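Chemist: As input, take protein-v4.tsv (TSV, C-alpha atoms):
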chain	number	residue	atom	x	y	z
A	28	MET	CA	113.86	108.12	110.50
A	29	ASN	CA	115.92	109.63	113.33
A	30	ILE	CA	115.04	112.81	115.18
A	31	GLU	CA	117.27	115.03	113.05
A	32	GLN	CA	115.69	113.69	109.87
A	33	ILE	CA	112.26	114.38	111.36
A	34	LYS	CA	113.25	117.97	112.19
A	35	ASP	CA	114.53	118.44	108.64
A	36	LYS	CA	111.27	117.04	107.26
A	37	LEU	CA	109.29	119.58	109.26
A	38	GLN	CA	111.18	122.34	107.43
A	39	SER	CA	110.00	121.06	104.04
A	40	ASN	CA	107.22	122.63	101.97
A	41	GLU	CA	104.91	119.84	103.08
A	42	TYR	CA	104.84	121.37	106.55
A	43	ASP	CA	104.61	125.04	105.52
A	44	PHE	CA	101.22	125.21	107.24
A	45	LEU	CA	103.04	125.10	110.59
A	46	ARG	CA	104.54	128.48	109.73
A	47	GLU	CA	101.77	129.99	107.62
A	48	ASP	CA	98.51	129.11	109.40
A	49	LYS	CA	97.23	132.15	111.32
A	50	ASN	CA	96.71	130.07	114.48
A	51	LEU	CA	100.17	128.48	114.39
A	52	GLY	CA	103.58	129.96	113.54
A	53	SER	CA	104.89	131.86	116.56
A	54	ASN	CA	101.80	130.80	118.53
A	55	ILE	CA	103.02	127.19	118.82
A	56	LEU	CA	104.07	126.55	122.40
A	57	LEU	CA	104.78	122.83	122.03
A	58	LEU	CA	105.38	120.48	119.12
A	59	THR	CA	106.12	116.78	119.57
A	60	LEU	CA	105.83	113.32	118.06
A	61	GLY	CA	102.69	111.24	118.23
A	62	GLY	CA	101.75	107.68	117.36
A	63	SER	CA	104.28	104.88	116.98
A	64	HIS	CA	107.31	107.20	116.98
A	65	ALA	CA	106.26	108.61	120.35
A	66	TYR	CA	105.81	105.13	121.84
A	67	GLY	CA	109.06	103.74	120.43
A	68	MET	CA	107.07	101.25	118.34
A	69	GLU	CA	107.75	102.60	114.86
A	70	GLN	CA	108.77	100.47	111.87
A	71	GLU	CA	110.34	101.49	108.60
A	72	ASP	CA	106.94	102.08	107.02
A	73	SER	CA	105.42	103.89	110.01
A	74	ASP	CA	103.75	107.21	109.28
A	75	LEU	CA	105.03	110.35	110.97
A	76	ASP	CA	102.46	111.81	113.38
A	77	VAL	CA	102.97	115.29	114.79
A	78	ARG	CA	101.05	116.71	117.74
A	79	GLY	CA	101.19	120.10	119.37
A	80	ILE	CA	99.61	122.98	121.24
A	81	ALA	CA	99.22	126.62	120.18
A	82	PHE	CA	98.24	129.69	122.18
A	83	ASN	CA	94.79	131.16	121.78
A	84	SER	CA	94.79	134.69	120.39
A	85	LYS	CA	93.97	137.81	122.40
A	86	GLU	CA	90.72	138.15	120.45
A	87	GLU	CA	89.65	134.58	121.22
A	88	ILE	CA	90.37	135.00	124.92
A	89	LEU	CA	88.41	138.25	125.22
A	90	LEU	CA	85.51	137.14	123.00
A	91	GLY	CA	85.25	133.62	124.42
A	92	THR	CA	85.88	131.89	121.09
A	93	ASP	CA	88.33	129.11	120.27
A	94	PHE	CA	89.87	127.62	117.12
A	95	ASP	CA	89.94	124.27	118.97
A	96	GLN	CA	92.45	122.58	116.67
A	97	VAL	CA	94.26	122.71	113.36
A	98	VAL	CA	94.33	119.39	111.48
A	99	ASN	CA	96.46	118.70	108.42
A	100	VAL	CA	95.32	115.34	107.10
A	101	ALA	CA	98.09	114.99	104.52
A	102	THR	CA	100.81	114.99	107.20
A	103	ASP	CA	98.73	113.51	110.05
A	104	THR	CA	99.34	116.61	112.14
A	105	THR	CA	97.02	117.92	114.86
A	106	ILE	CA	97.69	121.11	116.81
A	107	TYR	CA	95.27	121.87	119.65
A	108	SER	CA	94.49	125.29	121.05
A	109	PHE	CA	95.81	125.92	124.55
A	110	ASN	CA	92.32	126.21	126.06
A	111	LYS	CA	91.06	123.09	124.28
A	112	MET	CA	94.11	121.11	125.33
A	113	LEU	CA	93.62	121.98	129.00
A	114	GLN	CA	90.08	120.65	128.75
A	115	LEU	CA	91.26	117.38	127.17
A	116	LEU	CA	94.09	116.97	129.69
A	117	THR	CA	91.68	117.53	132.57
A	118	SER	CA	89.58	114.62	131.29
A	119	ASN	CA	92.77	112.48	131.13
A	120	ASN	CA	92.12	111.81	127.44
A	121	PRO	CA	94.64	109.06	126.48
A	122	ASN	CA	95.33	110.53	123.01
A	123	THR	CA	96.32	113.91	124.43
A	124	ILE	CA	97.75	113.30	127.89
A	125	GLU	CA	100.54	111.28	126.23
A	126	ILE	CA	101.81	114.59	124.79
A	127	LEU	CA	103.05	115.45	128.30
A	128	GLY	CA	105.14	112.27	128.68
A	129	CYS	CA	107.35	112.17	125.59
A	130	ARG	CA	111.13	111.80	125.58
A	131	PRO	CA	112.90	115.19	125.90
A	132	GLU	CA	114.42	114.88	122.42
A	133	HIS	CA	110.98	114.23	120.94
A	134	TYR	CA	109.86	117.79	121.71
A	135	LEU	CA	110.55	119.36	118.34
A	136	GLN	CA	109.57	122.82	119.55
A	137	LEU	CA	109.16	123.92	123.15
A	138	SER	CA	108.53	127.42	124.47
A	139	ASP	CA	108.98	128.58	128.06
A	140	ILE	CA	105.25	128.13	128.67
A	141	GLY	CA	105.51	124.67	127.13
A	142	ARG	CA	108.21	123.79	129.65
A	143	GLU	CA	106.06	125.10	132.50
A	144	LEU	CA	103.17	122.96	131.29
A	145	LEU	CA	105.37	119.86	131.33
A	146	GLU	CA	106.69	120.73	134.79
A	147	HIS	CA	103.13	121.00	136.14
A	148	ARG	CA	101.70	117.97	134.32
A	149	LYS	CA	100.80	116.17	137.55
A	150	MET	CA	98.02	118.67	138.23
A	151	PHE	CA	95.98	116.91	135.53
A	152	LEU	CA	96.33	113.38	136.90
A	153	SER	CA	93.41	111.84	138.76
A	154	LYS	CA	91.36	108.69	139.07
A	155	ILE	CA	89.48	109.83	135.98
A	156	CYS	CA	92.24	108.04	134.02
A	157	ILE	CA	90.78	104.73	135.24
A	158	HIS	CA	87.72	105.33	133.12
A	159	SER	CA	89.22	107.27	130.23
A	160	PHE	CA	92.01	104.73	129.63
A	161	GLY	CA	89.81	101.81	130.64
A	162	GLY	CA	87.06	102.83	128.24
A	163	TYR	CA	89.51	103.33	125.39
A	164	ALA	CA	91.19	99.99	126.06
A	165	ASP	CA	87.81	98.25	126.22
A	166	SER	CA	86.80	99.64	122.83
A	167	GLN	CA	90.08	98.40	121.34
A	168	LEU	CA	89.56	94.96	122.84
A	169	ARG	CA	85.97	94.72	121.65
A	170	ARG	CA	87.00	95.33	118.06
A	171	MET	CA	89.50	92.49	118.28
A	172	GLU	CA	87.10	90.10	119.94
A	173	ASN	CA	84.46	90.71	117.30
A	174	LYS	CA	86.95	89.15	114.89
A	175	ALA	CA	88.18	86.45	117.27
A	176	ALA	CA	84.74	85.39	118.55
A	177	ARG	CA	85.84	81.77	118.94
A	178	LEU	CA	87.90	82.80	121.96
A	179	VAL	CA	85.06	84.63	123.70
A	180	GLY	CA	81.78	83.05	124.75
A	181	GLN	CA	78.46	84.92	124.72
A	182	ALA	CA	78.32	85.34	128.49
A	183	GLU	CA	81.85	86.76	128.64
A	184	ASN	CA	81.08	89.09	125.75
A	185	GLU	CA	78.02	90.35	127.60
A	186	ALA	CA	80.19	91.13	130.61
A	187	TYR	CA	82.52	93.16	128.38
A	188	ILE	CA	79.57	95.13	127.02
A	189	LEU	CA	78.47	95.96	130.56
A	190	LYS	CA	81.98	97.05	131.50
A	191	SER	CA	82.14	99.35	128.47
A	192	ILE	CA	78.81	100.95	129.35
A	193	GLN	CA	79.87	101.43	132.96
A	194	ASN	CA	83.00	103.25	131.80
A	195	ALA	CA	80.82	105.49	129.65
A	196	GLN	CA	78.47	106.11	132.59
A	197	TYR	CA	81.34	107.57	134.60
A	198	GLU	CA	81.61	110.37	132.02
A	199	PHE	CA	77.85	110.92	132.00
A	200	ARG	CA	78.12	112.88	135.25
A	201	ASN	CA	80.20	115.51	133.44
A	202	ARG	CA	77.83	115.87	130.48
A	203	TYR	CA	74.31	115.16	131.65
A	204	TYR	CA	71.96	116.28	134.38
A	205	PRO	CA	73.13	114.69	137.67
A	206	HIS	CA	71.59	111.53	139.08
A	207	GLN	CA	72.57	108.84	141.54
A	208	ASP	CA	74.35	105.73	140.24
A	209	SER	CA	71.56	103.61	141.71
A	210	ASP	CA	68.99	105.49	139.58
A	211	VAL	CA	70.22	103.67	136.47
A	212	ALA	CA	71.41	100.24	137.62
A	213	LEU	CA	72.78	97.79	135.05
A	214	TYR	CA	73.51	94.15	135.85
A	215	ILE	CA	73.77	90.69	134.26
A	216	ASP	CA	71.22	87.96	134.88
A	217	GLU	CA	69.87	84.84	133.22
A	218	ALA	CA	68.83	85.67	129.68
A	219	VAL	CA	65.32	85.93	128.36
A	220	GLN	CA	66.60	86.47	124.81
A	221	GLU	CA	66.59	83.28	122.76
A	222	GLY	CA	70.11	82.02	122.05
A	223	TYR	CA	71.67	83.90	124.99
A	224	ASP	CA	73.07	82.38	128.18
A	225	SER	CA	73.00	85.67	130.07
A	226	GLU	CA	72.25	89.28	129.22
A	227	ILE	CA	72.28	92.80	130.61
A	228	PHE	CA	69.22	94.08	132.44
A	229	MET	CA	68.50	97.52	133.81
A	230	ASP	CA	66.51	99.08	136.66
A	231	VAL	CA	65.72	102.76	136.07
A	232	HIS	CA	64.36	105.04	138.80
A	233	LEU	CA	64.42	108.58	137.43
A	234	GLN	CA	61.93	111.26	138.36
A	235	HIS	CA	61.58	114.76	136.86
A	236	TYR	CA	64.63	114.04	134.70
A	237	PRO	CA	65.31	116.06	131.49
A	238	LEU	CA	64.20	114.00	128.50
A	239	ARG	CA	67.01	115.20	126.23
A	240	ASP	CA	69.66	114.19	128.76
A	241	TRP	CA	68.11	110.73	129.10
A	242	THR	CA	67.96	110.42	125.31
A	243	GLY	CA	71.67	111.29	125.09
A	244	MET	CA	72.64	108.66	127.66
A	245	TRP	CA	70.36	106.05	126.05
A	246	ASN	CA	71.84	106.68	122.60
A	247	GLU	CA	75.39	106.29	123.94
A	248	MET	CA	74.54	103.00	125.63
A	249	LYS	CA	72.74	101.81	122.50
A	250	ALA	CA	75.79	102.65	120.37
A	251	ILE	CA	78.05	100.56	122.61
A	252	VAL	CA	75.74	97.55	122.38
A	253	SER	CA	75.49	97.96	118.60
A	254	SER	CA	79.25	98.11	118.23
A	255	TYR	CA	79.52	94.58	119.62
A	256	ASN	CA	77.11	93.19	117.09
A	257	LYS	CA	79.12	94.08	114.04
A	258	MET	CA	82.71	94.49	113.04
A	259	GLY	CA	83.39	97.95	111.66
A	260	LYS	CA	85.02	98.69	108.33
A	261	ARG	CA	88.13	99.85	110.14
A	262	ASN	CA	88.57	96.40	111.69
A	263	GLU	CA	88.07	94.65	108.35
A	264	ASN	CA	90.77	96.87	106.87
A	265	ALA	CA	93.04	96.15	109.82
A	266	ILE	CA	92.67	92.41	109.32
A	267	SER	CA	93.11	92.56	105.56
A	268	HIS	CA	96.26	94.65	105.89
A	269	ASN	CA	97.69	92.50	108.70
A	270	LYS	CA	97.47	95.40	111.16
A	271	LEU	CA	95.72	93.47	113.91
A	272	GLY	CA	99.06	92.97	115.66
A	273	LYS	CA	99.49	96.74	115.79
A	274	HIS	CA	96.11	97.20	117.47
A	275	MET	CA	96.92	94.41	119.94
A	276	ALA	CA	100.22	96.07	120.85
A	277	HIS	CA	98.56	99.44	121.39
A	278	LEU	CA	95.96	97.81	123.64
A	279	ILE	CA	98.68	96.47	125.94
A	280	ARG	CA	100.50	99.83	125.77
A	281	LEU	CA	97.37	101.61	127.01
A	282	TYR	CA	97.32	99.42	130.11
A	283	MET	CA	101.03	100.02	130.67
A	284	MET	CA	100.59	103.79	130.51
A	285	CYS	CA	97.59	103.85	132.83
A	286	ILE	CA	99.26	101.57	135.39
A	287	ASP	CA	102.22	103.98	135.45
A	288	ILE	CA	99.88	106.91	136.05
A	289	LEU	CA	98.08	105.09	138.86
A	290	GLU	CA	101.17	103.64	140.57
A	291	LYS	CA	103.94	106.15	139.81
A	292	GLU	CA	101.86	109.27	139.06
A	293	GLU	CA	103.96	109.64	135.93
A	294	ILE	CA	103.11	109.88	132.24
A	295	ILE	CA	105.51	107.60	130.36
A	296	THR	CA	104.75	107.68	126.66
A	297	TYR	CA	107.95	106.12	125.29
A	298	ARG	CA	107.97	102.46	126.32
A	299	ARG	CA	111.68	101.73	126.52
A	300	GLU	CA	111.53	98.82	128.98
A	301	GLU	CA	108.66	97.06	127.22
A	302	HIS	CA	109.89	97.76	123.68
A	303	ASP	CA	110.75	94.16	122.76
A	304	LEU	CA	107.44	92.78	124.05
A	305	LEU	CA	105.35	95.40	122.29
A	306	MET	CA	107.22	94.98	119.01
A	307	SER	CA	106.83	91.21	119.12
A	308	ILE	CA	103.08	91.67	119.50
A	309	ARG	CA	103.01	94.24	116.72
A	310	LYS	CA	104.92	91.97	114.34
A	311	GLY	CA	102.34	89.23	114.74
A	312	GLU	CA	104.08	86.82	117.09
A	313	TYR	CA	100.85	86.54	119.10
A	314	LEU	CA	98.69	85.71	116.07
A	315	ASP	CA	97.86	82.16	115.03
A	316	GLU	CA	97.84	80.71	111.51
A	317	ASN	CA	94.41	82.29	110.92
A	318	ARG	CA	95.72	85.76	111.90
A	319	GLN	CA	93.70	85.76	115.11
A	320	PRO	CA	95.02	86.56	118.62
A	321	THR	CA	96.40	83.47	120.35
A	322	ALA	CA	95.43	82.20	123.78
A	323	GLU	CA	98.88	83.37	124.95
A	324	PHE	CA	97.96	86.94	124.03
A	325	TYR	CA	94.78	86.73	126.09
A	326	ASP	CA	96.82	85.37	129.01
A	327	LEU	CA	99.10	88.40	128.72
A	328	LEU	CA	96.12	90.72	128.45
A	329	ASN	CA	94.55	89.12	131.51
A	330	GLU	CA	97.76	89.72	133.46
A	331	TYR	CA	97.71	93.42	132.60
A	332	GLU	CA	94.01	93.70	133.39
A	333	LYS	CA	94.72	92.27	136.86
A	334	ARG	CA	97.57	94.74	137.36
A	335	PHE	CA	95.26	97.53	136.24
A	336	GLU	CA	92.54	96.42	138.68
A	337	TYR	CA	95.04	96.32	141.56
A	338	ALA	CA	96.53	99.70	140.65
A	339	LYS	CA	93.16	101.43	140.44
A	340	ASN	CA	92.15	100.05	143.85
A	341	HIS	CA	95.39	101.14	145.54
A	342	THR	CA	96.30	104.39	143.78
A	343	ALA	CA	97.01	107.52	145.79
A	344	LEU	CA	95.74	109.76	143.00
A	345	PRO	CA	92.95	112.19	143.88
A	346	ALA	CA	89.44	111.56	142.59
A	347	MET	CA	89.58	114.72	140.48
A	348	PRO	CA	92.34	116.81	138.87
A	349	ASP	CA	93.69	119.87	140.68
A	350	TYR	CA	91.16	122.26	139.15
A	351	LYS	CA	92.47	125.19	141.19
A	352	ALA	CA	96.02	124.79	139.86
A	353	ILE	CA	94.77	124.19	136.29
A	354	ASN	CA	92.56	127.30	136.32
A	355	GLU	CA	95.34	129.42	137.81
A	356	PHE	CA	97.74	128.24	135.09
A	357	LYS	CA	95.15	128.97	132.41
A	358	MET	CA	94.54	132.47	133.78
A	359	TYR	CA	98.29	133.10	134.12
A	360	VAL	CA	98.96	132.20	130.48
A	361	ASN	CA	95.92	133.91	128.97
A	362	GLU	CA	96.46	137.10	130.98
A	363	ARG	CA	99.99	137.32	129.64
A	364	ILE	CA	98.66	136.90	126.10
A	365	VAL	CA	96.10	139.69	126.60
A	366	ARG	CA	98.83	141.95	128.03
A	367	GLY	CA	101.00	141.27	124.98
A	368	GLU	CA	103.71	139.55	127.02
A	369	ILE	CA	103.49	136.37	124.92
Output the structure of this file as structure tokens.
Modeler:
Amino acid sequence: MNIEQIKDKLQSNEYDFLREDKNLGSNILLLTLGGSHAYGMEQEDSDLDVRGIAFNSKEEILLGTDFDQVVNVATDTTIYSFNKMLQLLTSNNPNTIEILGCRPEHYLQLSDIGRELLEHRKMFLSKICIHSFGGYADSQLRRMENKAARLVGQAENEAYILKSIQNAQYEFRNRYYPHQDSDVALYIDEAVQEGYDSEIFMDVHLQHYPLRDWTGMWNEMKAIVSSYNKMGKRNENAISHNKLGKHMAHLIRLYMMCIDILEKEEIITYRREEHDLLMSIRKGEYLDENRQPTAEFYDLLNEYEKRFEYAKNHTALPAMPDYKAINEFKMYVNERIVRGEI
């Protein structure tokens, strides 16, 4: 399906909600492609994903409310509110920051404010992407390795669990009562659990710490450990429908995108240069006769992990996004809405 066919499809009755929903219509400031079409990895049977942003209303701005997002499951369309999107972009969320790096022709609808947002996209970029992309990539990898356990020993798996928890801990500082990293120290040592070679231990030194915040952190860490002990239904479906190659390709793509952000300070969603490699992975060329990832795939993954490690240690990105510029842009847009200029 080419871009003109996609635009025609969006004019069909199936997409009437884009014009009729009270939060959308003329409020849409940006509409673009998501998923495989956005990455240049689509196949003939690929679903069409549409992503976008819509202005908050005057009432929402003045009353401090927010519609957050409009989701149409039938068409796999998600439109975020302007205020919600700024929050997600500030956290360098991989599923949303890619909206700012699409090919020009993939922007199906783009207002003047939408263009300004794209022009100022670098204000969102920071070292936070190391943990947001890294955590997302780790979760993708864990799901694969639960299926391909023969390629990963217990000790290595334990190290992956620790890495996943450490990525989650980076976000704890934004959601829980502050504490020093040394207050909750996690590390690997010789196992005391029967049947384990090594395992994760923890040293906790918290005083006068809110119980509910500790419970939240503990539950998140517990969920990560639990996820390694079972393969979710989604993974079983992926294997049974021969979609493991797709997940493997998207794992490598995540590393490619984050390396670009760290080294070039650019968001490159459409992977033109790596198209052939990604498609070969998606089509199963890195799966063995048992439909499991080959050793060659793990060699490739290891190469990208090393590039990622080097990039994160040498990036010139700031530790945090440019909050001043982001807040000024938010105020500029919302003030114009309240004044009736948008």
Chemist: Considering all atoms listed in the file, return as a list in words whatever protein or nucleic-acid residues lie within 10 Å of Leu89 of chain A, sequence-local ones (same chain, fewer than 2 positions apart) excluded.
Modeler: Ser84, Lys85, Glu86, Glu87, Gly91, Thr92, Asn361, Glu362 and Val365 of chain A
Chemist: Kindly indicate which residue among A:Leu213, A:Lys357, A:Leu278, A:Tyr163 lies nearest to Lys111 of chain A, using only C-alpha atoms for the distances.
Modeler: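 Once distances to Lys111 of chain A are computed over only C-alpha atoms, the minimum belongs to A:Lys357.
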Chemist: Taking only C-alpha atoms into account, name the residue in A:Asn83, A:Glu125, A:Ala195, A:Ser73 that is nearest to Ile364 of chain A.
Modeler: A:Asn83
Chemist: Pick from A:Phe151, A:Tyr214, A:Tyr203, A:Phe335: nearest to Glu292 of chain A, with all atoms listed in the file counted?
Modeler: A:Phe151
Chemist: Using all atoms listed in the file for the distances, tell me which of A:Glu183, A:Ile157, A:Gln193, A:Leu144 is nearest to Glu332 of chain A.
Modeler: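 The shortest atom-to-atom distance to Glu332 of chain A comes from A:Ile157.
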Chemist: Between A:Val97, A:Ile369, A:Leu127, A:Leu168, which residue has the minimum interatomic distance to His277 of chain A, considering all atoms listed in the file?
Modeler: A:Leu168
Chemist: Which of these, A:Tyr134, A:Phe199, A:Tyr107, A:Tyr204, has the shortest distance to Asn246 of chain A once you count all atoms listed in the file?
Modeler: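 Using all atoms listed in the file, Asn246 of chain A sits closest to A:Phe199.
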Chemist: Excluding segment 352-356 of chain A and its own-chain neighbours fewer than 3 positions away, which residues fall within 10 Å of it when counting all atoms listed in the file? Please give them as a PDB file with C-alpha atoms, in the frame of the given file.
Modeler:
ATOM      1  CA  LEU A 113      93.620 121.980 129.000  1.00  0.00           C
ATOM      2  CA  GLN A 114      90.080 120.650 128.750  1.00  0.00           C
ATOM      3  CA  LEU A 116      94.090 116.970 129.690  1.00  0.00           C
ATOM      4  CA  THR A 117      91.680 117.530 132.570  1.00  0.00           C
ATOM      5  CA  ILE A 140     105.250 128.130 128.670  1.00  0.00           C
ATOM      6  CA  GLU A 143     106.060 125.100 132.500  1.00  0.00           C
ATOM      7  CA  LEU A 144     103.170 122.960 131.290  1.00  0.00           C
ATOM      8  CA  HIS A 147     103.130 121.000 136.140  1.00  0.00           C
ATOM      9  CA  ARG A 148     101.700 117.970 134.320  1.00  0.00           C
ATOM     10  CA  MET A 150      98.020 118.670 138.230  1.00  0.00           C
ATOM     11  CA  PHE A 151      95.980 116.910 135.530  1.00  0.00           C
ATOM     12  CA  PRO A 348      92.340 116.810 138.870  1.00  0.00           C
ATOM     13  CA  ASP A 349      93.690 119.870 140.680  1.00  0.00           C
ATOM     14  CA  TYR A 359      98.290 133.100 134.120  1.00  0.00           C
ATOM     15  CA  VAL A 360      98.960 132.200 130.480  1.00  0.00           C
ATOM     16  CA  ASN A 361      95.920 133.910 128.970  1.00  0.00           C
ATOM     17  CA  GLU A 362      96.460 137.100 130.980  1.00  0.00           C
TER      18      GLU A 362
END
Chemist: Quick one, how far is atom CA of Gly367 of chain A from atom CA of Glu146 of chain A?
Modeler: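 Atom-to-atom, atom CA of Gly367 of chain A to atom CA of Glu146 of chain A, that is 23.5 Å.
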Chemist: Identify the residues within 9 Å of coordinate (70.9, 100.1, 137.5) (same frame as the file), considering all atoms listed in the file, and give the answer as number ranges by chain.
Modeler: A: 208-214, 228-232
Chemist: What's the 9 Å shell around Leu135 of chain A, counting only C-alpha atoms, without same-chain residues fewer than 2 positions away, as a PDB file with C-alpha atoms, keeping the file's coordinate frame?
Modeler:
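This went into selection16.pdb:
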ATOM      1  CA  ILE A  30     115.040 112.810 115.180  1.00  0.00           C
ATOM      2  CA  ILE A  33     112.260 114.380 111.360  1.00  0.00           C
ATOM      3  CA  LYS A  34     113.250 117.970 112.190  1.00  0.00           C
ATOM      4  CA  LEU A  57     104.780 122.830 122.030  1.00  0.00           C
ATOM      5  CA  LEU A  58     105.380 120.480 119.120  1.00  0.00           C
ATOM      6  CA  THR A  59     106.120 116.780 119.570  1.00  0.00           C
ATOM      7  CA  LEU A  60     105.830 113.320 118.060  1.00  0.00           C
ATOM      8  CA  PRO A 131     112.900 115.190 125.900  1.00  0.00           C
ATOM      9  CA  GLU A 132     114.420 114.880 122.420  1.00  0.00           C
ATOM     10  CA  HIS A 133     110.980 114.230 120.940  1.00  0.00           C
ATOM     11  CA  LEU A 137     109.160 123.920 123.150  1.00  0.00           C
TER      12      LEU A 137
END
Chemist: If you measure from atom CA of Thr321 of chain A to atom CA of Leu305 of chain A, what distance in Å do you get, rounded to one decimal?
Modeler: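 Taking atom CA of Thr321 of chain A as the start and atom CA of Leu305 of chain A as the end point, the length is 15.0 Å.
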Chemist: Just how far from atom CA of Ile295 of chain A is atom CA of Ser53 of chain A, in Å to one decimal?
Modeler: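 One can read the atom CA of Ser53 of chain A to atom CA of Ile295 of chain A distance as 27.9 Å.
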